[in-house]
Structure formats: C-alpha cells, structure tokens
$ cat final-v2.tsv   # TSV, C-alpha atoms
chain	number	residue	atom	x	y	z
A	848	MET	CA	-35.72	2.39	8.80
A	849	SER	CA	-36.62	4.70	5.93
A	850	ASP	CA	-35.33	3.83	2.47
A	851	ASP	CA	-33.30	7.01	2.18
A	852	ARG	CA	-31.02	5.82	5.00
A	853	VAL	CA	-30.11	2.65	3.08
A	854	ILE	CA	-26.70	2.58	1.40
A	855	ILE	CA	-25.68	-0.12	-1.04
A	856	CYS	CA	-22.06	-1.28	-0.95
A	857	GLN	CA	-19.96	-0.71	-4.02
A	858	PRO	CA	-16.73	-2.45	-4.98
A	859	LEU	CA	-13.62	-0.57	-3.84
A	860	THR	CA	-11.78	1.07	-6.74
A	861	ALA	CA	-8.96	3.60	-6.67
A	862	GLU	CA	-11.02	6.05	-8.72
A	863	ALA	CA	-14.12	5.99	-6.54
A	864	PHE	CA	-12.06	6.09	-3.34
A	865	ALA	CA	-9.70	8.87	-4.45
A	866	PRO	CA	-11.47	11.72	-2.61
A	867	PHE	CA	-11.04	9.80	0.65
A	868	GLY	CA	-7.76	7.97	0.40
A	869	ASP	CA	-5.58	5.43	-1.34
A	870	VAL	CA	-6.34	1.85	-2.34
A	871	LEU	CA	-3.34	-0.36	-1.55
A	872	ASP	CA	-3.17	-3.48	-3.68
A	873	VAL	CA	-0.97	-5.31	-6.16
A	874	THR	CA	-3.04	-4.86	-9.29
A	875	GLY	CA	-1.28	-3.63	-12.41
A	876	THR	CA	2.41	-3.62	-13.19
A	877	PRO	CA	4.88	-3.43	-10.30
A	878	ASP	CA	7.00	-0.29	-10.16
A	879	LYS	CA	10.11	-2.43	-9.85
A	880	MET	CA	11.08	-6.08	-9.94
A	881	ILE	CA	13.50	-7.01	-7.15
A	882	ASN	CA	15.11	-10.13	-5.72
A	883	ALA	CA	16.31	-11.46	-9.08
A	884	GLY	CA	12.89	-11.00	-10.64
A	885	LEU	CA	11.03	-13.00	-7.99
A	886	CYS	CA	9.29	-10.09	-6.27
A	887	GLY	CA	7.31	-7.13	-7.56
A	888	ARG	CA	7.51	-3.88	-5.61
A	889	TYR	CA	4.48	-1.57	-5.76
A	890	HIS	CA	6.31	1.43	-4.48
A	891	ASP	CA	5.22	4.06	-1.97
A	892	ARG	CA	1.51	3.80	-2.63
A	893	ALA	CA	0.04	5.75	0.31
A	894	HIS	CA	-0.10	9.47	0.94
A	895	LEU	CA	1.12	9.45	4.51
A	896	ASP	CA	0.73	12.66	6.48
A	897	PHE	CA	1.47	12.82	10.16
A	898	GLY	CA	1.93	16.57	10.52
A	899	VAL	CA	4.88	18.37	12.01
A	900	GLU	CA	4.71	16.82	15.47
A	901	GLY	CA	3.73	13.28	14.49
A	902	ARG	CA	5.56	10.24	13.21
A	903	ALA	CA	4.54	6.96	11.61
A	904	GLY	CA	3.83	3.96	13.81
A	905	ILE	CA	2.79	0.39	13.13
A	906	SER	CA	0.01	-0.90	15.34
A	907	LEU	CA	-2.10	-4.02	15.00
A	908	PHE	CA	-5.88	-4.04	15.31
A	909	ASP	CA	-7.90	-7.13	16.17
A	910	ALA	CA	-11.53	-6.33	15.49
A	911	GLU	CA	-14.75	-8.25	15.99
A	912	PRO	CA	-16.26	-9.28	12.64
A	913	ARG	CA	-19.56	-7.62	11.68
A	914	ARG	CA	-22.10	-8.69	9.13
A	915	LEU	CA	-24.26	-7.02	6.53
A	916	PRO	CA	-26.72	-5.39	6.80
A	917	TYR	CA	-24.66	-3.15	9.10
A	918	ASP	CA	-25.98	-0.12	10.91
A	919	LEU	CA	-23.50	2.74	10.71
A	920	ASP	CA	-24.13	4.87	13.76
A	921	LEU	CA	-20.78	6.61	14.19
A	922	LEU	CA	-18.29	8.40	11.99
A	923	GLU	CA	-14.86	9.45	13.12
A	924	ARG	CA	-11.86	11.25	11.73
A	925	HIS	CA	-8.28	11.94	12.65
A	926	PRO	CA	-7.54	15.61	12.03
A	927	GLU	CA	-3.81	15.24	12.61
A	928	GLY	CA	-2.92	12.26	10.46
A	929	SER	CA	-3.59	9.68	7.78
A	930	GLN	CA	-4.48	6.13	8.79
A	931	ALA	CA	-3.81	2.99	6.74
A	932	PHE	CA	-5.43	-0.43	7.21
A	933	LEU	CA	-3.72	-3.47	5.73
A	934	PRO	CA	-5.65	-6.71	6.23
A	935	MET	CA	-3.51	-9.60	7.52
A	936	MET	CA	-6.08	-12.05	6.22
A	937	GLU	CA	-7.77	-12.95	2.97
A	938	HIS	CA	-11.29	-11.66	3.44
A	939	PRO	CA	-13.03	-8.52	2.22
A	940	PHE	CA	-13.89	-5.80	4.72
A	941	LEU	CA	-16.28	-2.90	4.77
A	942	VAL	CA	-15.07	0.70	4.38
A	943	CYS	CA	-17.49	3.54	5.07
A	944	VAL	CA	-16.52	7.14	4.31
A	945	ALA	CA	-18.23	10.50	4.05
A	946	GLU	CA	-17.32	13.90	2.63
A	947	ALA	CA	-18.57	15.54	5.83
A	948	ALA	CA	-19.96	14.41	9.17
A	949	ASP	CA	-23.50	15.21	8.00
A	950	ALA	CA	-23.08	14.04	4.39
A	951	ARG	CA	-24.48	10.81	3.01
A	952	PRO	CA	-21.75	8.18	3.43
A	953	LEU	CA	-20.43	5.83	0.78
A	954	ALA	CA	-19.83	2.16	1.56
A	955	PHE	CA	-17.10	0.19	-0.17
A	956	LEU	CA	-16.48	-3.52	-0.06
A	957	THR	CA	-12.81	-4.42	-0.54
A	958	ALA	CA	-11.62	-7.29	-2.68
A	959	THR	CA	-9.31	-9.84	-1.10
A	960	GLY	CA	-5.84	-8.34	-0.86
A	961	GLN	CA	-6.87	-4.70	-0.82
A	962	GLY	CA	-5.85	-2.33	1.94
A	963	ILE	CA	-6.70	1.34	2.24
A	964	ASN	CA	-5.18	4.55	3.55
A	965	PHE	CA	-7.54	7.24	4.78
A	966	HIS	CA	-6.17	10.66	4.02
A	967	ARG	CA	-5.74	12.99	6.98
A	968	GLY	CA	-9.11	14.24	8.16
A	969	THR	CA	-11.31	11.81	6.20
A	970	TRP	CA	-14.58	10.93	7.92
A	971	HIS	CA	-14.89	7.16	8.17
A	972	GLY	CA	-16.65	4.37	10.01
A	973	VAL	CA	-14.80	2.21	12.54
A	974	LEU	CA	-12.91	-0.85	11.36
A	975	THR	CA	-15.45	-3.43	10.12
A	976	PRO	CA	-14.10	-6.79	9.04
A	977	LEU	CA	-16.78	-9.14	7.75
A	978	ALA	CA	-15.05	-12.41	8.68
A	979	ALA	CA	-12.63	-13.68	11.31
A	980	PRO	CA	-9.81	-13.06	11.95
A	981	GLY	CA	-10.35	-9.29	11.94
A	982	ARG	CA	-6.64	-8.62	12.03
A	983	PHE	CA	-5.08	-5.54	10.46
A	984	ALA	CA	-1.78	-3.73	10.38
A	985	VAL	CA	-2.46	-0.05	10.96
A	986	ILE	CA	-0.02	2.68	10.00
A	987	ASP	CA	-1.06	5.88	11.68
A	988	ARG	CA	0.16	8.88	13.58
A	989	ILE	CA	2.02	8.61	16.83
A	990	GLY	CA	2.28	12.01	18.46
A	991	PRO	CA	0.96	14.49	20.99
A	992	GLY	CA	-2.48	16.05	21.07
A	993	ALA	CA	-6.01	14.94	20.38
A	994	ASN	CA	-6.41	13.18	17.06
A	995	LEU	CA	-9.99	11.96	17.13
A	996	GLU	CA	-13.31	13.60	16.31
A	997	GLU	CA	-16.55	11.65	16.39
A	998	ALA	CA	-20.00	12.26	14.93
A	999	ILE	CA	-23.09	10.24	15.80
A	1000	CYS	CA	-25.31	9.21	12.88
A	1001	ASP	CA	-28.86	9.56	14.19
A	1002	PRO	CA	-30.72	7.75	12.82
A	1003	PRO	CA	-28.04	5.28	11.69
A	1004	TRP	CA	-27.34	4.51	8.04
A	1005	ARG	CA	-28.10	0.95	7.01
A	1006	ILE	CA	-25.36	-0.57	4.84
A	1007	VAL	CA	-26.56	-3.43	2.64
A	1008	SER	CA	-24.80	-5.65	0.16
A	1009	SER	CA	-27.25	-5.03	-2.70
B	66	MET	CA	26.14	-29.88	0.87
B	67	SER	CA	28.09	-30.27	4.10
B	68	ASP	CA	26.09	-30.67	7.30
B	69	ASP	CA	27.53	-27.54	8.85
B	70	ARG	CA	25.76	-25.43	6.21
B	71	VAL	CA	22.35	-26.84	7.21
B	72	ILE	CA	20.13	-24.58	9.33
B	73	ILE	CA	16.96	-25.79	11.00
B	74	CYS	CA	14.01	-23.39	11.15
B	75	GLN	CA	12.82	-22.31	14.55
B	76	PRO	CA	9.44	-20.82	15.48
B	77	LEU	CA	9.44	-17.03	15.47
B	78	THR	CA	9.29	-15.57	18.96
B	79	ALA	CA	9.80	-12.00	20.11
B	80	GLU	CA	12.61	-13.07	22.43
B	81	ALA	CA	14.64	-14.98	19.86
B	82	PHE	CA	14.10	-12.31	17.23
B	83	ALA	CA	14.88	-9.33	19.49
B	84	PRO	CA	18.49	-8.82	18.30
B	85	PHE	CA	17.22	-8.44	14.75
B	86	GLY	CA	13.87	-6.75	14.97
B	87	ASP	CA	10.30	-6.76	16.19
B	88	VAL	CA	7.64	-9.44	15.95
B	89	LEU	CA	4.30	-7.84	15.03
B	90	ASP	CA	1.31	-9.88	16.12
B	91	VAL	CA	-1.82	-9.73	18.27
B	92	THR	CA	-0.82	-12.13	21.01
B	93	GLY	CA	-1.30	-11.03	24.58
B	94	THR	CA	-3.44	-8.23	25.91
B	95	PRO	CA	-4.19	-5.25	23.68
B	96	ASP	CA	-2.77	-1.92	24.83
B	97	LYS	CA	-6.19	-0.36	24.41
B	98	MET	CA	-9.73	-1.40	23.56
B	99	ILE	CA	-11.37	0.94	21.05
B	100	ASN	CA	-14.59	1.15	19.03
B	101	ALA	CA	-16.89	0.45	21.98
B	102	GLY	CA	-14.87	-2.56	23.04
B	103	LEU	CA	-15.04	-4.29	19.66
B	104	CYS	CA	-11.41	-3.75	18.63
B	105	GLY	CA	-8.11	-4.29	20.40
B	106	ARG	CA	-5.25	-1.93	19.55
B	107	TYR	CA	-1.71	-3.30	19.90
B	108	HIS	CA	-0.06	0.06	19.89
B	109	ASP	CA	3.10	1.23	18.13
B	110	ARG	CA	4.82	-2.14	18.07
B	111	ALA	CA	7.72	-1.51	15.66
B	112	HIS	CA	10.95	0.41	16.16
B	113	LEU	CA	10.82	2.47	12.98
B	114	ASP	CA	13.99	4.32	12.04
B	115	PHE	CA	14.30	6.09	8.72
B	116	GLY	CA	17.15	8.43	9.56
B	117	VAL	CA	17.25	12.18	9.18
B	118	GLU	CA	16.64	12.31	5.44
B	119	GLY	CA	14.14	9.46	5.15
B	120	ARG	CA	10.44	9.07	5.76
B	121	ALA	CA	8.04	6.13	6.12
B	122	GLY	CA	6.37	4.72	3.04
B	123	ILE	CA	3.90	1.91	2.45
B	124	SER	CA	4.74	-0.34	-0.47
B	125	LEU	CA	3.31	-3.71	-1.42
B	126	PHE	CA	5.44	-6.69	-2.34
B	127	ASP	CA	4.18	-9.61	-4.40
B	128	ALA	CA	6.74	-12.40	-4.11
B	129	GLU	CA	7.05	-15.82	-5.68
B	130	PRO	CA	6.49	-18.55	-3.08
B	131	ARG	CA	9.51	-20.71	-2.22
B	132	ARG	CA	9.62	-24.09	-0.55
B	133	LEU	CA	11.76	-25.82	2.04
B	134	PRO	CA	14.50	-26.92	1.88
B	135	TYR	CA	15.56	-23.46	0.70
B	136	ASP	CA	19.08	-22.50	-0.31
B	137	LEU	CA	19.99	-19.12	1.15
B	138	ASP	CA	22.59	-17.66	-1.19
B	139	LEU	CA	22.21	-13.95	-0.53
B	140	LEU	CA	21.94	-11.68	2.47
B	141	GLU	CA	21.08	-8.01	2.28
B	142	ARG	CA	20.66	-5.10	4.60
B	143	HIS	CA	19.38	-1.55	4.54
B	144	PRO	CA	21.88	0.68	6.34
B	145	GLU	CA	19.60	3.72	6.29
B	146	GLY	CA	16.34	2.32	7.58
B	147	SER	CA	14.16	-0.29	9.21
B	148	GLN	CA	11.91	-2.47	7.06
B	149	ALA	CA	8.65	-4.11	8.16
B	150	PHE	CA	6.82	-6.97	6.44
B	151	LEU	CA	3.16	-7.52	7.20
B	152	PRO	CA	1.66	-10.54	5.44
B	153	MET	CA	-1.67	-9.85	3.71
B	154	MET	CA	-2.46	-13.55	3.80
B	155	GLU	CA	-2.80	-16.34	6.31
B	156	HIS	CA	0.29	-18.43	5.68
B	157	PRO	CA	3.62	-18.65	7.48
B	158	PHE	CA	6.71	-17.27	5.79
B	159	LEU	CA	10.42	-17.79	6.23
B	160	VAL	CA	12.62	-15.14	7.87
B	161	CYS	CA	16.40	-15.50	7.67
B	162	VAL	CA	18.67	-13.14	9.61
B	163	ALA	CA	22.33	-12.94	10.58
B	164	GLU	CA	24.37	-10.94	13.06
B	165	ALA	CA	26.92	-10.18	10.34
B	166	ALA	CA	27.31	-10.89	6.63
B	167	ASP	CA	29.73	-13.73	7.40
B	168	ALA	CA	27.96	-15.05	10.52
B	169	ARG	CA	25.88	-18.20	10.63
B	170	PRO	CA	22.27	-17.15	9.90
B	171	LEU	CA	19.19	-18.03	11.92
B	172	ALA	CA	16.00	-19.14	10.19
B	173	PHE	CA	12.59	-18.40	11.67
B	174	LEU	CA	9.23	-19.70	10.55
B	175	THR	CA	6.39	-17.29	11.34
B	176	ALA	CA	3.04	-18.37	12.67
B	177	THR	CA	-0.06	-17.27	10.80
B	178	GLY	CA	-0.72	-13.62	11.60
B	179	GLN	CA	2.84	-12.65	12.49
B	180	GLY	CA	4.66	-9.83	10.76
B	181	ILE	CA	8.17	-8.61	11.43
B	182	ASN	CA	10.16	-5.39	11.41
B	183	PHE	CA	13.85	-5.63	10.67
B	184	HIS	CA	15.78	-3.04	12.63
B	185	ARG	CA	17.91	-0.66	10.61
B	186	GLY	CA	20.99	-2.42	9.31
B	187	THR	CA	19.90	-6.02	10.09
B	188	TRP	CA	21.28	-8.60	7.66
B	189	HIS	CA	18.42	-10.67	6.26
B	190	GLY	CA	17.42	-12.91	3.40
B	191	VAL	CA	15.04	-11.73	0.69
B	192	LEU	CA	11.31	-12.06	1.20
B	193	THR	CA	10.40	-15.76	1.17
B	194	PRO	CA	6.72	-16.65	1.40
B	195	LEU	CA	6.09	-20.38	1.48
B	196	ALA	CA	2.61	-20.31	-0.09
B	197	ALA	CA	0.67	-18.19	-2.55
B	198	PRO	CA	-0.29	-15.39	-2.52
B	199	GLY	CA	3.09	-13.97	-1.47
B	200	ARG	CA	1.59	-10.59	-0.74
B	201	PHE	CA	2.99	-8.24	1.92
B	202	ALA	CA	2.62	-4.68	3.05
B	203	VAL	CA	6.10	-3.24	3.50
B	204	ILE	CA	6.83	-0.19	5.61
B	205	ASP	CA	10.28	1.05	4.81
B	206	ARG	CA	12.36	4.10	4.12
B	207	ILE	CA	11.63	6.45	1.28
B	208	GLY	CA	14.53	8.84	0.79
B	209	PRO	CA	17.69	9.74	-1.06
B	210	GLY	CA	20.89	7.74	-1.22
B	211	ALA	CA	21.84	4.09	-1.48
B	212	ASN	CA	20.08	1.89	1.07
B	213	LEU	CA	21.07	-1.62	0.06
B	214	GLU	CA	24.10	-3.76	0.77
B	215	GLU	CA	24.33	-7.34	-0.40
B	216	ALA	CA	26.51	-10.28	0.58
B	217	ILE	CA	26.73	-13.55	-1.34
B	218	CYS	CA	26.64	-16.74	0.74
B	219	ASP	CA	29.09	-19.08	-0.96
B	220	PRO	CA	28.44	-21.89	-0.52
B	221	PRO	CA	24.75	-21.28	0.25
B	222	TRP	CA	23.14	-22.15	3.57
B	223	ARG	CA	20.49	-24.85	3.35
B	224	ILE	CA	17.37	-24.02	5.37
B	225	VAL	CA	15.36	-27.06	6.39
B	226	SER	CA	12.15	-27.47	8.36
B	227	SER	CA	13.55	-30.00	10.83
$ encode --input "final-v2.tsv" --output "structure tokens"
Amino acid sequence: MSDDRVIICQPLTAEAFAPFGDVLDVTGTPDKMINAGLCGRYHDRAHLDFGVEGRAGISLFDAEPRRLPYDLDLLERHPEGSQAFLPMMEHPFLVCVAEAADARPLAFLTATGQGINFHRGTWHGVLTPLAAPGRFAVIDRIGPGANLEEAICDPPWRIVSS
Amino acid sequence: MSDDRVIICQPLTAEAFAPFGDVLDVTGTPDKMINAGLCGRYHDRAHLDFGVEGRAGISLFDAEPRRLPYDLDLLERHPEGSQAFLPMMEHPFLVCVAEAADARPLAFLTATGQGINFHRGTWHGVLTPLAAPGRFAVIDRIGPGANLEEAICDPPWRIVSS
C-alpha cells in the first residue's frame, strides 16, 4: 500500500468533528442538575434530522470488533437522515468520515464514553468497534424510501493508530 | 421499616416489563445483518411517542451511583412523552416502575447491555445506576409545556436485592 493511502487516527473532539456531526459525551458542565442534584443532564446534544417523511427510531447494533491497522474499503451515507451511535460499553471505537465520496477520509478514535451523531448525508465508514462487545444504541431514521448510498474505496485507505 | 414496604428486585425481562415499556437489548436473532454480515441490526425496538408538539432528542445523563438496599421515596412520570435510557457502560442498573402513583412498585435489575424505554406516562423512579460511571444516553421529548409529574412515596419503599 502506498504511503499516501495511510491515515493516522486522531482523538475525537467536538471541534474537529463539527463538519461531520456531533460528539455526544458528558464533558463540561451539565445543562441542568436533576434528581435532587444527583444527576447531570447534558441536554439535547444531537442535531437530529429525519426529514418530512421520517421519524426517530432506536435500534441496537451488535458489530464484530475490528483491529488497527484497518483497511477502509467502503464509505456510505444516509441522504435522508442523521444517524447516532451510542456505545453501550466502555471501549473506544473508530469513526471514519469524509467530506465527499472521493475525498481523503479522516479517522477519529473515540474516548471511552463518547458517542457520535452523523449529520444527515455525512459520508462515513461502517460501524467499527475495536473491542468486544461491539454493542451500540443507534438513533436513526425510520421511514419510506432508500436511505443508503455506498462508495467503494479502491484502493482502500489504511487506518493506523500512529 | 415494615415488611410490606420491602420490594425484592427481579431480573428485567421484556415480558414482565411490557406494561411499562420496552427492553432494549441484543438478545435473539437480529432483524437484519448489515455491513457484509459483520453487524446485526435489532431494528426499531422502542415505542417512541413524543406527542404532536414534541420531537426526539438525545441527551446524556451522568448520575450518582446508588446501592441496594435503596429507599424509593419519589416516583415521577412524563405525561407528554416516552423516555429511553441506554447505559453507556457495562453495569446493571435499577429500574423502578408502578402502575399508578399509589400502587405498589416493581423493581427490576437490568442485565449488562440492557436499556429500557418507558412508555409515555409510565410512573418510574429516578435514574439509579448501581456502579460508576452512571452514564446514559437518554432519548426523550424535546418540546413545549410541562412534562413532569412527581409523587412522594411516604413512607418510602425499600428495594432489596433478595
């Protein structure tokens, strides 16, 4: 594989991820303390968009763990809706995104406790946990019509940790 | 505390929890295999209901862990919308529900990897993780108007493990 297809993971931050979606975590000050001060609420942190004909649904994904280096050979996007991934475990996972199907992707490594929400139409790699269990709550669009576009990466991009 | 105020936790099952809400987990066969067979999708598992004026939002809750025995002194409900709790950690948590504000509650202990969705209007206790981090993704109603009713349990119910 040629060096220019190698992509080094970067830590996931709200700033770096902003063009692609929202980082969902409990860093910073809660928007509200509830339950007699025993619970912090970080309120309404995702830009959900399911279009006129769609609605929100909660699905669960159980994905096979991958490992780095990881060959990214497929990007996909959902033109009709946003898609959020909330890990139901305490391991980082890999998030690959791109500004366009033929653009150079970026690879983010989450910290424990971070979820993400891809904005509607964001090109991204498939769900790639890096440890078992690869279990996620997914909040995405339920509705009529096709909501998946795919683009093959040929040759693949090689995602490395450093 | 009198014995008739003592409630023994039961394991969370979809059947026992059905009058109150949905159990969200990856048991059983996925509805669909995606990502070249590497990911199971358990599709649209929660009965979301945010009314005419509400919409879905994703918030994060960071709650102080409790321990058993736990004194349940407050029930609450959200008349305008359902509320789902997806643990972002691998520990069980306690789920208390009641058919009415003055009915005898039930106490469920989740298994690792189980989330729940309270149906609109279900009386329930506040979020009670039993280990740190008490971190949850919460999918509930964003919208105008009051959406909280509370009922004091006096004397409290004592929730015990067995």
$ residues_around --input "final-v2.tsv" --residues "Ala863 (chain A)" --least-positions-apart "6" --cutoff "12 Å" --atoms "only C-alpha atoms" --output "list in words"
Gln857, Asp869, Val870, Val944, Leu953, Ala954, Phe955 and Leu956 of chain A
$ closest_residue --input "final-v2.tsv" --among "A:Ala998, A:Arg982, A:Glu862, A:Ala910" --to "Ala101 (chain B)" --atoms "only C-alpha atoms"
A:Ala910
$ interface_residues --input "final-v2.tsv" --of "chain B" --to "chain A" --cutoff "6 Å" --atoms "only C-alpha atoms" --output "PDB file with C-alpha atoms, keeping the file's coordinate frame"
ATOM      1  CA  LEU B 103     -15.040  -4.290  19.660  1.00  0.00           C
ATOM      2  CA  CYS B 104     -11.410  -3.750  18.630  1.00  0.00           C
ATOM      3  CA  GLY B 105      -8.110  -4.290  20.400  1.00  0.00           C
ATOM      4  CA  ARG B 106      -5.250  -1.930  19.550  1.00  0.00           C
ATOM      5  CA  TYR B 107      -1.710  -3.300  19.900  1.00  0.00           C
ATOM      6  CA  HIS B 108      -0.060   0.060  19.890  1.00  0.00           C
ATOM      7  CA  ASP B 109       3.100   1.230  18.130  1.00  0.00           C
ATOM      8  CA  ARG B 110       4.820  -2.140  18.070  1.00  0.00           C
ATOM      9  CA  ALA B 111       7.720  -1.510  15.660  1.00  0.00           C
ATOM     10  CA  GLY B 122       6.370   4.720   3.040  1.00  0.00           C
ATOM     11  CA  ILE B 123       3.900   1.910   2.450  1.00  0.00           C
ATOM     12  CA  SER B 124       4.740  -0.340  -0.470  1.00  0.00           C
ATOM     13  CA  LEU B 125       3.310  -3.710  -1.420  1.00  0.00           C
ATOM     14  CA  PHE B 126       5.440  -6.690  -2.340  1.00  0.00           C
ATOM     15  CA  ASP B 127       4.180  -9.610  -4.400  1.00  0.00           C
ATOM     16  CA  ALA B 128       6.740 -12.400  -4.110  1.00  0.00           C
ATOM     17  CA  GLU B 129       7.050 -15.820  -5.680  1.00  0.00           C
ATOM     18  CA  PRO B 152       1.660 -10.540   5.440  1.00  0.00           C
ATOM     19  CA  MET B 153      -1.670  -9.850   3.710  1.00  0.00           C
ATOM     20  CA  MET B 154      -2.460 -13.550   3.800  1.00  0.00           C
ATOM     21  CA  GLU B 155      -2.800 -16.340   6.310  1.00  0.00           C
TER      22      GLU B 155
END
$ residues_near_point --input "final-v2.tsv" --point "(-14.0, 11.1, 18.9)" --cutoff "10 Å" --atoms "only C-alpha atoms" --output "ChimeraX atom specification"
/A:921-925,993-999 /B:100
$ atom_distance --input "final-v2.tsv" --atom1 "CA of Ser929 (chain A)" --atom2 "CA of Glu118 (chain B)"
20.5 Å
$ residues_around --input "final-v2.tsv" --residues "Leu919 (chain A)" --least-positions-apart "4" --cutoff "8 Å" --atoms "all atoms listed in the file" --output "ChimeraX atom specification"
/A:972,1000,1003-1006
$ closest_residue --input "final-v2.tsv" --among "A:Leu859, A:Gly875, A:Glu946, A:Gly928" --to "Phe897 (chain A)" --atoms "only C-alpha atoms"
A:Gly928
$ closest_residue --input "final-v2.tsv" --among "A:Arg951, A:His966, A:Arg852, A:Arg914" --to "Gly898 (chain A)" --atoms "only C-alpha atoms"
A:His966
$ closest_residue --input "final-v2.tsv" --among "B:Phe85, B:Pro220, B:Ser227, B:Ala196" --to "Asp138 (chain B)" --atoms "all atoms listed in the file"
B:Pro220
$ atom_distance --input "final-v2.tsv" --atom1 "CA of Gly968 (chain A)" --atom2 "CA of Glu927 (chain A)"
7.0 Å
$ atom_distance --input "final-v2.tsv" --atom1 "CA of Leu941 (chain A)" --atom2 "CA of Pro976 (chain A)"
6.2 Å
$ closest_residue --input "final-v2.tsv" --among "B:Cys161, B:Leu195, B:Ile73, B:Ala176" --to "Ser226 (chain B)" --atoms "only C-alpha atoms"
B:Ile73
